[in-house]
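This report concerns only the one structure given below.
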Amino acid sequence: ETKIWRVDPHNFHLGEIQEAALLLRAGKLVAFPTETVYGLGANALDVQAVQGIFRAKGRPSDNPLIVHITGLDELAPLVSDFPPMAQKMAELFWPGPLTIILPASKQVPAEVTAGLSTVAIRMPSHPVARELIRSAKVPVAAPSANRSGKPSPTTADHVRQDLWGRVDGLVDGGECTVGLESTVVDVTGDHPVILRPGGITREMLSMHFEGVEVDGEPGVTKAIAERPSEVTAEHSFPTEEHVPVENRLSVENRLPAEKRLGEANGEAASPANPAPRSPGMKYTHYAPKAPVYLLTGPWKEQVKAITVLLEKETDPLGLLISEETYEHIKELLPQECGSKYLIRLAGSREDLRSVAYRLFGSLRSFDETSVTAIIAESYPREGIGMALMNRLTKAAGGRIWRE
Ligand code: TXA
Ligand code: MG
């Protein structure tokens, strides 16, 4: 049985989530909203409670969890050091969508860190998350509240789809405003290294720190720094050279649906992503039931590719495209396209934060349909666009769409 509490994030009383806080304190599992995505929380210092998280999610135990706090005074028992770079970063961006990797104290169970010497710490800004953690009076370990492999949940409904009956409580605080998971930054070296791009962007960090690197994106940082933004904006990853040959599928040359479904839901390490420094990044992520294919290249070429596809393709397809692209192709849609194409508007290319916050909900929404593949538009990897493309590329498992 999952107990559910509905609260208005802008107008709620402590009493409304007191019960949820007590459950957390008592070693139970409670899902709750943060500004990024919903988290599946448990007392981070209670080994059995933490093990419950892995069971409920079906998560591999070598993937460490983020520990959530509400104030810097809660940090001391969790870390063995709080270096100046981390202090400055916390001062600038906490509370907010930023997770900092710090040396772990001995008190943090190995179940939380997956045996690493570091621990991931985040101070969320969402008022419901903050009140819940504060009144639970324990640090809260929380991965995203989805079944492992699925897109992260940005509404309580998504959590319900994945974890109903598998968790003790669910605080429904409405939609998450960022919609992508927090930026994970390693500050244990000389320069900050972004292990997972998110709401706090590379550009935001670079305004305050020297030599910010992005793990797993060789050359990207340098390339963007060296080229004017109009150029890099349209030369977005992935390019074909990065994609294994078997993933370069075309309209004529696609795998049978069953094969593709199997791939999309697998938990195997992705060949597109070898030896990442953040253990979680090697698993298949964000996969809806139908395989996702990414359009690539300059926007105009992407629009052209869709035009060709609309003429040729006979299978029912899902299209995840921007408002601008839709404006270009709407005249071309066949009269009874309702049965053949399912279009989800991703948001506006002029406002990538609007695309980011809708992404996971859009991917999930295709699961209730009979589309055999999802074709998704690509965006410039700048600002929030880097996190957006990181998730889209993972959802696609490296597949790109080619005519
Ligand atoms: O926005 C978020 O970060 C959400 C909300 C609930 O806070 N949480 C979240 O947790 O996305 P999860 O478990 O889905 O992702 C945690 C990521 C994984 O990629 C994991 O590998 C990485 O953080 N991570 C955790 N501890 C780490 C560590 N000590 N060193 C490197 N990476 C770590
Ligand atoms: Mg996750």
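Letters A, B, ... go to the chains of the structure tokens in the order shown; residues in each chain start at 1; ligands are counted from 1 in the same order.
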Item to complete: Do a neighbour search on Glu16 (chain A) at 12 Å with only C-alpha atoms, toss out local chain neighbours closer than 2 positions, and write the hits as a VMD selection string.
Response: chain A and resid 4 to 9 11 to 14 18 to 22 128 131 to 132 135 171 to 173
Item to complete: Excluding Gly165 (chain A) and any residue of its chain fewer than 3 positions from it, enumerate the residues within 12 Å of it, using only C-alpha atoms, and give them as a VMD selection string.
Response: chain A and resid 1 to 4 29 to 31 56 to 57 159 to 162 168 to 170
Worksheet item: Which residues form the shell of 6 Å around ligand 1 when you count only C-alpha atoms and all ligand atoms, given as a ChimeraX atom specification?
Response: /A:36-39,63-66,101,113,116,118-120,142-144,181-182,278-281
Prev. selection, C-alpha atoms, output as an mmCIF file, in the first residue's frame:
```
data_model
loop_
_atom_site.group_PDB
_atom_site.id
_atom_site.type_symbol
_atom_site.label_atom_id
_atom_site.label_comp_id
_atom_site.auth_asym_id
_atom_site.auth_seq_id
_atom_site.Cartn_x
_atom_site.Cartn_y
_atom_site.Cartn_z
ATOM 1 C CA THR A 36 14.593 18.544 -10.899
ATOM 2 C CA VAL A 37 12.655 15.258 -10.780
ATOM 3 C CA TYR A 38 10.809 13.205 -8.152
ATOM 4 C CA GLY A 39 13.105 11.398 -5.731
ATOM 5 C CA ASN A 63 25.136 2.715 -8.830
ATOM 6 C CA PRO A 64 25.549 5.122 -5.876
ATOM 7 C CA LEU A 65 22.842 7.416 -4.490
ATOM 8 C CA ILE A 66 22.640 11.161 -3.883
ATOM 9 C CA ILE A 101 30.821 14.858 -5.109
ATOM 10 C CA THR A 113 28.234 5.216 -2.057
ATOM 11 C CA LEU A 116 33.286 4.541 -3.414
ATOM 12 C CA THR A 118 33.134 9.765 -2.220
ATOM 13 C CA VAL A 119 29.521 10.711 -1.578
ATOM 14 C CA ALA A 120 27.152 12.752 -3.749
ATOM 15 C CA ALA A 142 17.178 9.588 -3.038
ATOM 16 C CA PRO A 143 17.627 8.438 -6.615
ATOM 17 C CA SER A 144 15.065 9.454 -9.204
ATOM 18 C CA GLU A 181 18.145 15.555 -13.005
ATOM 19 C CA SER A 182 20.668 17.711 -11.165
ATOM 20 C CA SER A 278 29.887 8.523 -12.652
ATOM 21 C CA PRO A 279 28.877 4.870 -12.321
ATOM 22 C CA GLY A 280 25.220 5.496 -13.193
ATOM 23 C CA MET A 281 26.047 6.901 -16.597
#
```
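In this comparison, which uses only C-alpha atoms, the residue of A:Ala42, A:Ala346, A:Leu195, A:Val108 approaching Asn390 (chain A) most closely is A:Leu195.
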Item to complete: Please provide as a list of chain:residue names all residues within 12 Å of Glu350 (chain A), with the sequence filter that same-chain residues fewer than 5 positions apart are discarded (counting only C-alpha atoms).
Response: A:Ser322, A:Glu323, A:Glu324, A:Thr325, A:Val355, A:Tyr379, A:Pro380, A:Ile384, A:Gly385
Write the selection just made, keeping N, CA and C atoms, as a PDB file, in the first residue's frame?
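Result written to part34.pdb:
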```pdb
ATOM      1  N   SER A 322       9.976  20.222 -32.177  1.00  0.00           N
ATOM      2  CA  SER A 322       9.763  21.569 -31.645  1.00  0.00           C
ATOM      3  C   SER A 322       8.558  22.228 -32.311  1.00  0.00           C
ATOM      4  N   GLU A 323       8.067  23.262 -31.683  1.00  0.00           N
ATOM      5  CA  GLU A 323       6.960  24.031 -32.247  1.00  0.00           C
ATOM      6  C   GLU A 323       7.343  24.583 -33.615  1.00  0.00           C
ATOM      7  N   GLU A 324       8.594  25.020 -33.739  1.00  0.00           N
ATOM      8  CA  GLU A 324       9.063  25.604 -35.002  1.00  0.00           C
ATOM      9  C   GLU A 324       9.047  24.564 -36.120  1.00  0.00           C
ATOM     10  N   THR A 325       9.481  23.354 -35.808  1.00  0.00           N
ATOM     11  CA  THR A 325       9.478  22.287 -36.817  1.00  0.00           C
ATOM     12  C   THR A 325       8.042  21.948 -37.216  1.00  0.00           C
ATOM     13  N   VAL A 355      11.860  22.863 -23.444  1.00  0.00           N
ATOM     14  CA  VAL A 355      12.002  21.522 -24.028  1.00  0.00           C
ATOM     15  C   VAL A 355      12.471  20.551 -22.947  1.00  0.00           C
ATOM     16  N   TYR A 379      18.950  19.344 -30.524  1.00  0.00           N
ATOM     17  CA  TYR A 379      19.060  20.769 -30.191  1.00  0.00           C
ATOM     18  C   TYR A 379      20.518  21.135 -29.986  1.00  0.00           C
ATOM     19  N   PRO A 380      20.837  22.426 -30.059  1.00  0.00           N
ATOM     20  CA  PRO A 380      22.215  22.847 -29.796  1.00  0.00           C
ATOM     21  C   PRO A 380      22.632  22.471 -28.376  1.00  0.00           C
ATOM     22  N   ILE A 384      21.308  24.713 -21.145  1.00  0.00           N
ATOM     23  CA  ILE A 384      20.555  23.516 -20.750  1.00  0.00           C
ATOM     24  C   ILE A 384      20.515  22.511 -21.899  1.00  0.00           C
ATOM     25  N   GLY A 385      20.829  22.968 -23.117  1.00  0.00           N
ATOM     26  CA  GLY A 385      20.846  22.085 -24.286  1.00  0.00           C
ATOM     27  C   GLY A 385      21.816  20.920 -24.116  1.00  0.00           C
TER      28      GLY A 385
END
```
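Closest approach to Ser362 (chain A) among A:Leu392, A:Leu72, A:Ile100, A:Leu45 is made by A:Leu392 (distances from only C-alpha atoms).
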Practice prompt. Could you check which of A:Gly27, A:Ala287, A:Pro139, A:Ala104 is closest to ligand 2, using only C-alpha atoms and all ligand atoms?
Written response: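 Of the candidates, the smallest distance to ligand 2 is held by A:Ala287.
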Worksheet entry | Two-atom distance - CA of His191 (chain A), CA of Trp94 (chain A) (Å) |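 Separating CA of His191 (chain A) from CA of Trp94 (chain A) is a distance of 18.8 Å.
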Item to complete: Find, counting only C-alpha atoms, the residue in A:Pro33, A:Pro151, A:Gly397, A:Pro103 that gets nearest to Val79 (chain A).
Response: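 Of A:Pro33, A:Pro151, A:Gly397, A:Pro103, the one nearest Val79 (chain A) is A:Pro103, counting only C-alpha atoms.
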Worksheet, complete the sentence: Students should find that CA of Trp299 (chain A) and CA of Ser378 (chain A) are spaced 7.9 Å
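Here CA of Val140 (chain A) and CA of Val212 (chain A) stand 28.4 Å from one another.
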Practice prompt. Name the residues of region 28-139 of chain A that fall into alpha helix (DSSP H) according to DSSP on the backbone, using the chain letters and numbers of this document, as JSON, numbers by chain.
Written response: {"A": [47, 48, 49, 50, 51, 52, 53, 54, 55, 56, 57, 84, 85, 86, 87, 88, 89, 90, 91, 92, 93, 110, 111, 112, 113, 127, 128, 129, 130, 131, 132, 133, 134, 135, 136]}
